[in-house]
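Here is the structure we will look at.
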Amino acid sequence: MSTSSLLSTRLVAAGSALMVLMPLAMWLANRSAPLMLGLGAVTFIAAAVAVGRTGEVVARLRNLLATPLGLALAAFLAWALLSILWSHRPAASLRAWAELVLPAVFALAIAASGRFRPQPAWLRALAVAIILASLLAMVELASGLSQRAELGIGKLMSFVFNRPAITALVLAVPTIHGLWHMPAARRSDRILAVLLGLTVAALALRSESASARLGVAVCLVCWVASAYWPRLMLTAAAIGLVLTMAMAPVLGLAAHNWLPSVILNRFAVMTGQARIDIWQSFGEVVRVRPIAGAGFGTSASMDRHPVAAEVAPEHRVLLGVGHPHDMPLQAWVETGAIGAGILLAAGLLLLARLRRLPAREMAPRLTLFAAAFAISVVGHGAWQGWWIAVLGAGILWFGPGAAARR
């Protein structure tokens, strides 16, 4: 083996190890996913360059960006960047835009490198890493975070494990699929897949993340249903996507008027009435700026945006919570109907691509799409870097095979 080939092989191994360690890194530092993905991107691109494959990398990148889905996502990023012109804090909005773009670029670079291949050994290693990270998180939750208190690191609040729980769930979907269906899968691989699913579900139930619990429920229902009725589930996902995006501006009003209090009282404070109040407050912003939005990244300080003066006084206070806790609504608030429409088109294009796959390959990918969308509808800020990085990693762990067939 030549020196360049040996170097490339070692770089690929280093990059794959970084991808495997992401769930453990997120357990230790719950915003570290972009760093791990970025380091992985550097190593995989370096591995391709080391063996003189730069031209192939550029060609793959061009092909990825030239697809209808790639063009739609690029159009959204361009519109989001343009919308910063009417932001009340352009510098902060630009930082938010960069936080969204950088993890997406890292994932795109890894895909374009052509060097990341989720081999059976790496899938097994990732499964072990997710299980270990989940167990460590549950031990800390059970002990009242005494380990972090002794070390004097991190926030001593149990919600810090919400992001690791969601990370474990997103990465578990392609890992379970890969372990179960890999060529010549052994009984031990399928046992490992079952243990992985049970551990991730246990962490979701033990954590404070209602989003993670919702994601687990969606995964169970969607995966089974997609395996038996793939076309029906694709249609249901498309209808759900359209309705959710269309209803986002009036989500708060709809939930306030139609959701019974007996259901609301079963949720924690921030997942019940308070969240509905937040949706109502940001929904008023949409009605004030329906077409172009208030500017990308403005949700973080919406209470100080000039548009806040046009919101009803009783709804202004909750504009200061940082984000609407709903991705479709945040898209409407910041980028208006134009940005939300582009994202809807991208989602439908993705579902159209999944339709071309056989049911066995489509089911886990549709499951990840449905679970991620469900989490984003009730969860964190839409453009947070850790979330984009985790989604990018989850997509990459499905491997290039299906993409090549498409």
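Ordering of the structure tokens sets the chain letters (A, B, ...), residue numbers begin anew at 1 in every chain, and ligands are numbered from 1 in the order given.
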For this session: Give me the residues within 8 Å of Ala372 of chain A as a ChimeraX atom specification, counting only C-alpha atoms and dropping any in the same chain fewer than 4 places off.
Result: /A:170,215,368,376,391
Can I get the selected residues back with N, CA and C atoms, as a compact mmCIF listing (two decimals), in the first residue's frame?
# COMPACT_ATOMS: atom_id res chain seq x y z
N VAL A 170 -32.23 9.84 17.21
CA VAL A 170 -32.00 10.09 15.78
C VAL A 170 -30.94 9.13 15.23
N GLY A 215 -40.94 11.42 19.87
CA GLY A 215 -40.16 10.84 18.79
C GLY A 215 -40.13 9.32 18.84
N LEU A 368 -37.37 8.25 10.30
CA LEU A 368 -36.50 9.32 10.78
C LEU A 368 -37.08 10.68 10.40
N SER A 376 -39.40 18.49 16.02
CA SER A 376 -39.19 19.91 15.73
C SER A 376 -40.48 20.72 15.89
N LEU A 391 -29.07 15.68 12.78
CA LEU A 391 -29.85 15.22 11.63
C LEU A 391 -28.93 14.85 10.47
Seminar exercise, completed: Ala129 of chain A proximity check over A:Leu24, A:Ala202, A:His181, A:Glu284, using only C-alpha atoms: winner is A:Leu24
For this session: Please indicate the distance in Å from atom CA of Pro306 of chain A to atom CA of Ile278 of chain A, rounded to one decimal place.
Result: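 Those two atoms sit 18.1 Å apart.
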For this session: Enter the distance from atom CA of Leu61 of chain A to atom CA of Leu6 of chain A, in Å, rounded to one decimal.
Result: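 If I compute the distance from atom CA of Leu61 of chain A to atom CA of Leu6 of chain A, I get 24.7 Å.
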Problem set entry | Nearby residues (only C-alpha atoms) at most 10 Å from segment 339-348 of chain A, same-chain spacing under 6 positions excluded, as JSON, numbers by chain | {"A": [68, 69, 70, 71, 72, 73, 74, 75, 76, 77, 78, 79, 80, 83, 234, 237, 238, 239, 241, 242, 244, 245, 246, 248, 291, 292, 293, 296, 327, 328, 329, 330, 331, 332, 333, 354, 369, 373]}
Problem set entry | Atom-to-atom span, atom CA of Gly178 of chain A and atom CA of Val194 of chain A, Å | 12.2 Å
For this session: Identify, with DSSP run on backbone atoms, the residues in segment 52-287 of chain A assigned to helix (DSSP H, G or I), and express the list as a PyMOL selection string.
Result: chain A and resi 54-66+68-86+90-113+120-142+146-151+158-181+187-206+210-228+230-258+261-264+269-271+273-287
Exercise. Within 9 Å of Asp189 of chain A, counting only C-alpha atoms, which residues qualify if same-chain residues fewer than 3 places away don't, as JSON, numbers by chain?
Worked result: {"A": [124, 179, 180, 182, 185, 186, 192, 193, 194]}
Would you put the residues from that selection into a file with C-alpha atoms, as a PDB file, in the first residue's frame?
ATOM      1  CA  ARG A 124     -21.721  -2.027  15.952  1.00  0.00           C
ATOM      2  CA  LEU A 179     -27.576  -3.887  12.148  1.00  0.00           C
ATOM      3  CA  TRP A 180     -30.771  -5.730  11.277  1.00  0.00           C
ATOM      4  CA  MET A 182     -26.607  -5.813   6.984  1.00  0.00           C
ATOM      5  CA  ALA A 185     -26.347 -10.197   9.804  1.00  0.00           C
ATOM      6  CA  ARG A 186     -25.595 -12.326  12.847  1.00  0.00           C
ATOM      7  CA  LEU A 192     -27.619  -5.520  19.767  1.00  0.00           C
ATOM      8  CA  ALA A 193     -30.227  -3.679  17.664  1.00  0.00           C
ATOM      9  CA  VAL A 194     -32.988  -4.671  20.094  1.00  0.00           C
TER      10      VAL A 194
END
For this session: Excluding Phe159 of chain A and residues on its chain fewer than 4 positions from it, collect all residues at most 10 Å away from it, counting only C-alpha atoms, and give them as a list in words.
Result: Leu141, Lys155, Arg163, Pro164, Ser207, Glu208 and Ser209 of chain A
Problem set entry | Selection near His325 of chain A, 6 Å with only C-alpha atoms, sequence-local residues under 4 positions removed, as a PyMOL selection string | chain A and resi 378-381
Go ahead and write the residues just picked, all heavy atoms, as an mmCIF file, in the first residue's frame.
data_model
loop_
_atom_site.group_PDB
_atom_site.id
_atom_site.type_symbol
_atom_site.label_atom_id
_atom_site.label_comp_id
_atom_site.auth_asym_id
_atom_site.auth_seq_id
_atom_site.Cartn_x
_atom_site.Cartn_y
_atom_site.Cartn_z
ATOM 1 N N VAL A 378 -42.671 20.418 18.285
ATOM 2 C CA VAL A 378 -42.963 20.717 19.692
ATOM 3 C C VAL A 378 -41.718 21.015 20.513
ATOM 4 O O VAL A 378 -41.823 21.218 21.723
ATOM 5 C CB VAL A 378 -43.724 19.541 20.346
ATOM 6 C CG1 VAL A 378 -45.029 19.285 19.638
ATOM 7 C CG2 VAL A 378 -42.874 18.276 20.351
ATOM 8 N N GLY A 379 -40.550 21.038 19.867
ATOM 9 C CA GLY A 379 -39.321 21.071 20.644
ATOM 10 C C GLY A 379 -38.570 22.376 20.639
ATOM 11 O O GLY A 379 -39.115 23.453 20.845
ATOM 12 N N HIS A 380 -37.316 22.288 20.334
ATOM 13 C CA HIS A 380 -36.315 23.338 20.481
ATOM 14 C C HIS A 380 -36.355 24.327 19.324
ATOM 15 O O HIS A 380 -37.195 24.247 18.431
ATOM 16 C CB HIS A 380 -34.942 22.676 20.525
ATOM 17 C CG HIS A 380 -34.845 21.585 19.506
ATOM 18 N ND1 HIS A 380 -34.714 21.839 18.164
ATOM 19 C CD2 HIS A 380 -34.935 20.239 19.626
ATOM 20 C CE1 HIS A 380 -34.700 20.699 17.502
ATOM 21 N NE2 HIS A 380 -34.832 19.711 18.352
ATOM 22 N N GLY A 381 -35.381 25.259 19.327
ATOM 23 C CA GLY A 381 -35.266 26.204 18.228
ATOM 24 C C GLY A 381 -34.933 25.498 16.925
ATOM 25 O O GLY A 381 -34.160 24.535 16.903
#
Can you tell me which residues surround Val307 of chain A at a distance of at most 9 Å, considering only C-alpha atoms, apart from same-chain residues fewer than 2 positions away, and format the answer as a PDB file with C-alpha atoms, in the first residue's frame?
ATOM      1  CA  VAL A 285     -46.000  38.147  14.694  1.00  0.00           C
ATOM      2  CA  VAL A 288     -48.162  41.254  11.302  1.00  0.00           C
ATOM      3  CA  ARG A 289     -45.397  40.170   8.866  1.00  0.00           C
ATOM      4  CA  ALA A 294     -39.391  39.499  10.729  1.00  0.00           C
ATOM      5  CA  MET A 302     -38.386  39.075  19.291  1.00  0.00           C
ATOM      6  CA  ASP A 303     -39.546  41.059  22.320  1.00  0.00           C
ATOM      7  CA  ARG A 304     -37.121  43.817  21.255  1.00  0.00           C
ATOM      8  CA  HIS A 305     -38.068  43.725  17.568  1.00  0.00           C
ATOM      9  CA  ALA A 309     -45.204  46.854  19.334  1.00  0.00           C
ATOM     10  CA  GLU A 310     -47.879  45.568  16.945  1.00  0.00           C
ATOM     11  CA  VAL A 311     -48.587  42.465  19.026  1.00  0.00           C
TER      12      VAL A 311
END
Exercise. With only C-alpha atoms as the basis for distance, which of A:Leu366, A:Ala33, A:Val12, A:Ala374 is at the shortest distance from Val224 of chain A?
Worked result: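 So, comparing all the options, the nearest one is A:Leu366.
Distance check against Leu126 of chain A using only C-alpha atoms: of A:Ala172, A:Ala359, A:Ala59, A:Met157, the minimum falls on A:Ala172.
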